[in-house]
>>> print(open('start05.cif').read())   # mmCIF, C-alpha atoms
data_my_file
loop_
_atom_site.label_atom_id
_atom_site.label_comp_id
_atom_site.auth_asym_id
_atom_site.auth_seq_id
_atom_site.Cartn_x
_atom_site.Cartn_y
_atom_site.Cartn_z
CA MET A 1 133.93 140.00 174.82
CA PRO A 2 130.34 140.72 174.30
CA PRO A 3 127.89 138.54 176.11
CA ARG A 4 126.30 135.79 174.20
CA THR A 5 122.72 136.14 173.26
CA ARG A 6 120.26 133.46 173.00
CA LYS A 7 118.53 132.68 169.71
CA THR A 8 114.85 133.22 169.74
CA THR A 9 112.37 131.04 168.01
CA SER A 10 109.45 132.27 165.95
CA GLU A 11 107.08 131.35 168.77
CA ASP A 12 108.88 133.59 171.22
CA VAL A 13 108.75 136.66 169.03
CA GLU A 14 105.56 137.95 167.57
CA GLN A 15 105.81 138.76 163.92
CA THR A 16 103.89 141.27 161.95
CA PRO A 17 102.27 140.10 158.66
CA GLU A 18 104.96 141.95 156.70
CA ASP A 19 107.74 140.22 158.61
CA ALA A 20 106.06 136.84 158.09
CA GLN A 21 105.94 137.31 154.32
CA THR A 22 109.59 138.29 154.10
CA ALA A 23 110.58 135.38 156.34
CA GLU A 24 108.74 132.89 154.14
CA THR A 25 110.14 134.19 150.88
CA ALA A 26 113.68 134.81 152.04
CA PRO A 27 115.91 131.82 151.45
CA THR A 28 117.53 130.31 154.49
CA ALA A 29 121.13 129.29 154.69
CA GLU A 30 120.16 125.65 154.96
CA GLU A 31 117.97 125.58 151.82
CA PRO A 32 119.72 126.64 148.62
CA GLU A 33 117.71 128.72 146.20
CA ALA A 34 116.15 126.50 143.52
CA PRO A 35 117.00 127.53 139.95
CA GLU A 36 114.04 128.76 137.97
CA ALA A 37 112.78 126.45 135.22
CA PRO A 38 113.67 127.73 131.76
CA GLU A 39 110.77 128.94 129.70
CA ASN A 40 109.58 126.77 126.86
CA LYS A 41 110.17 129.06 123.92
CA ALA A 42 108.61 126.65 121.40
CA VAL A 43 105.06 127.26 122.65
CA PRO A 44 104.04 130.79 123.59
CA ALA A 45 102.08 130.86 126.83
CA ASP A 46 99.46 133.41 125.78
CA VAL A 47 98.50 131.91 122.40
CA GLU A 48 95.91 129.14 122.28
CA THR A 49 97.12 126.15 120.25
CA LYS A 50 94.94 124.94 117.39
CA THR A 51 94.44 121.26 116.67
CA PRO A 52 95.44 120.43 113.07
CA VAL A 53 93.00 118.55 110.90
CA VAL A 54 94.75 115.21 110.36
CA ALA A 55 93.97 111.53 110.55
CA PRO A 56 93.42 110.09 114.03
CA LEU A 57 96.35 108.42 115.74
CA GLU A 58 94.45 105.35 116.87
CA PRO A 59 94.12 102.47 114.38
CA PRO A 60 90.82 101.96 112.56
CA THR A 61 88.34 99.63 114.24
CA GLN A 62 87.93 97.44 111.13
CA PRO A 63 90.87 96.48 108.91
CA GLU A 64 90.76 97.57 105.30
CA PRO A 65 89.44 94.84 103.00
CA VAL A 66 92.01 93.03 100.91
CA PRO A 67 91.31 93.62 97.22
CA GLU A 68 90.25 90.50 95.36
CA ARG A 69 92.56 89.18 92.71
CA ASP A 70 91.39 89.55 89.16
CA PRO A 71 90.31 86.23 87.65
CA LEU A 72 92.71 84.78 85.12
CA THR A 73 90.88 85.27 81.85
CA THR A 74 93.25 86.47 79.17
CA ALA A 75 95.21 84.18 76.89
CA GLN A 76 98.52 85.59 78.13
CA GLN A 77 97.58 84.73 81.73
CA LEU A 78 96.31 81.20 81.10
CA LEU A 79 97.41 79.64 77.87
CA PRO A 80 100.96 79.60 76.58
CA ALA A 81 101.64 80.35 72.91
CA GLU A 82 102.40 76.69 72.25
CA LEU A 83 100.49 73.99 74.06
CA GLY A 84 102.54 71.20 75.57
CA ASP A 85 103.12 67.66 74.47
CA LEU A 86 100.50 66.06 76.69
CA ILE A 87 97.51 67.72 78.42
CA VAL A 88 96.03 65.67 81.28
CA ASP A 89 93.43 65.95 84.03
CA ASP A 90 95.38 66.55 87.25
CA SER A 91 93.10 64.34 89.39
CA THR A 92 93.36 61.23 87.15
CA GLY A 93 96.70 61.76 85.44
CA GLN A 94 95.10 60.80 82.10
CA PRO A 95 93.80 62.92 79.22
CA PRO A 96 90.04 63.61 79.48
CA THR A 97 88.02 61.05 77.48
CA ASP A 98 85.35 63.59 76.46
CA PRO A 99 87.01 66.90 75.46
CA ASP A 100 83.60 68.57 74.94
CA SER A 101 82.64 68.14 78.61
CA VAL A 102 85.80 69.89 79.88
CA PHE A 103 84.31 73.36 79.28
CA VAL A 104 80.70 74.39 80.05
CA PRO A 105 79.09 77.74 79.15
CA VAL A 106 78.79 80.28 81.98
CA MET A 107 75.62 81.83 80.51
CA PRO A 108 73.33 79.98 78.08
CA TYR A 109 74.21 82.27 75.17
CA GLY A 110 77.40 83.83 76.53
CA SER A 111 80.86 83.86 75.01
CA THR A 112 82.73 82.61 78.10
CA LEU A 113 83.23 78.99 79.10
CA ARG A 114 84.15 77.63 82.55
CA CYS A 115 86.62 74.77 83.00
CA THR A 116 85.27 71.81 84.99
CA VAL A 117 88.60 70.01 85.61
CA ARG A 118 92.14 71.06 86.46
CA LEU A 119 94.24 70.66 83.33
CA VAL A 120 98.01 70.34 83.52
CA GLU A 121 100.48 69.75 80.73
CA HIS A 122 103.65 67.71 80.61
CA VAL A 123 106.32 69.56 78.65
CA GLY A 124 110.04 69.55 78.12
CA LEU A 125 111.59 72.92 78.99
CA GLY A 126 114.99 74.31 78.23
CA THR A 127 117.86 73.22 76.05
CA TYR A 128 117.83 69.65 77.33
CA ARG A 129 114.01 69.40 77.28
CA THR A 130 113.78 68.76 81.01
CA PRO A 131 110.40 67.15 81.73
CA THR A 132 108.15 69.51 83.67
CA THR A 133 104.49 69.59 84.69
CA ARG A 134 102.81 72.99 84.66
CA LEU A 135 99.29 74.21 85.26
CA LEU A 136 97.40 74.95 82.07
CA VAL A 137 93.84 75.77 83.24
CA PRO A 138 92.64 75.71 86.87
CA VAL A 139 89.20 74.49 87.92
CA GLY A 140 86.59 77.21 87.51
CA ALA A 141 88.68 79.41 85.21
CA GLU A 142 86.62 81.33 82.70
CA LEU A 143 87.98 81.33 79.17
CA LYS A 144 86.77 82.98 76.01
CA ARG A 145 85.29 80.70 73.39
CA ASP A 146 88.36 80.81 71.11
CA GLN A 147 90.76 80.01 73.98
CA ALA A 148 88.67 77.01 75.05
CA ALA A 149 88.48 75.86 71.42
CA ARG A 150 92.31 75.76 71.26
CA VAL A 151 92.50 73.51 74.33
CA VAL A 152 89.66 71.24 73.11
CA ALA A 153 91.31 70.93 69.69
CA ARG A 154 94.58 69.88 71.34
CA LEU A 155 92.74 67.34 73.53
CA ARG A 156 91.09 65.86 70.41
CA GLU A 157 94.49 65.60 68.71
CA GLN A 158 95.78 63.64 71.71
CA LEU A 159 92.85 61.21 71.58
CA ASN A 160 93.13 60.64 67.80
CA PRO A 161 96.78 61.04 66.87
CA ALA A 162 97.41 61.67 63.17
CA PRO A 163 99.38 58.97 61.38
CA ALA A 164 103.00 59.94 60.88
CA ALA A 165 103.72 61.15 57.38
CA GLU A 166 106.52 59.26 55.67
#
>>> encode(input="start05.cif", output="structure tokens")
Amino acid sequence: MPPRTRKTTSEDVEQTPEDAQTAETAPTAEEPEAPEAPENKAVPADVETKTPVVAPLEPPTQPEPVPERDPLTTAQQLLPAELGDLIVDDSTGQPPTDPDSVFVPVMPYGSTLRCTVRLVEHVGLGTYRTPTTRLLVPVGAELKRDQAARVVARLREQLNPAPAAE
């Protein structure tokens, strides 16, 4: 049997710079060789990436303003084709005593009139004429002169009912 030899440590043996480099790079039995990381083939390493011109990712500092609703001014938006049985002021529950004061002109010589009270009408809807209250003209609504004249004429009819024809 051959005689046993003693292991030498790196301090005992002087190494040349070439031996030191090979010792550092050579894998030892205790440390397994680490697998190399796969290359990212989606982005080439040599090419500089360009930033696309797009909107920023962070939210805007001020929220966008909410668009204002258009005022209700057309006859289809405000007045039904047939006015109801009874038009009343919503705050009192009674028909206005002075129909001419319900609408005031917006401009001195303009063609639009502004409603000064909230007018609702009591009607019977459906086959069985179910009693219902619905909004006719809100406070501050601007109507054209002919639309306001229709409402005022109906208010006058309510104040002075025509005698029933026999």
>>> closest_residue(input="start05.cif", among="A:Lys50, A:Arg6, A:Arg118, A:Arg69", to="A:Ala141", atoms="only C-alpha atoms")
A:Arg118
>>> residues_around(input="start05.cif", residues="A:Arg156", least_positions_apart="5", cutoff="9 Å", atoms="all atoms listed in the file", output="list of chain:residue names")
A:Asp98, A:Pro99, A:Val151, A:Pro161
>>> closest_residue(input="start05.cif", among="A:Val102, A:Leu86, A:Thr92, A:Leu113", to="A:Thr132", atoms="all atoms listed in the file")
A:Leu86
>>> axis_aligned_box(input="start05.cif", around="stretch 141-145 of chain A", padding_each_side="4 Å", output="JSON")
{"center_x": 87.0, "center_y": 81.2, "center_z": 79.3, "size_x": 11.4, "size_y": 11.6, "size_z": 19.8}
>>> residues_around(input="start05.cif", residues="A:Gln94", least_positions_apart="2", cutoff="12 Å", atoms="all atoms listed in the file", output="VMD selection string")
chain A and resid 86 to 92 96 to 98 117 to 122 155 158 to 159
>>> atom_distance(input="start05.cif", atom1="atom CA of A:Glu157", atom2="atom CA of A:Pro95")
10.9 Å
>>> atom_distance(input="start05.cif", atom1="atom CA of A:Cys115", atom2="atom CA of A:Ser101")
8.9 Å
>>> atom_distance(input="start05.cif", atom1="atom CA of A:Gln147", atom2="atom CA of A:Pro67")
26.9 Å
>>> closest_residue(input="start05.cif", among="A:Thr49, A:Gly93, A:Asn160, A:Glu68", to="A:Thr133", atoms="only C-alpha atoms")
A:Gly93
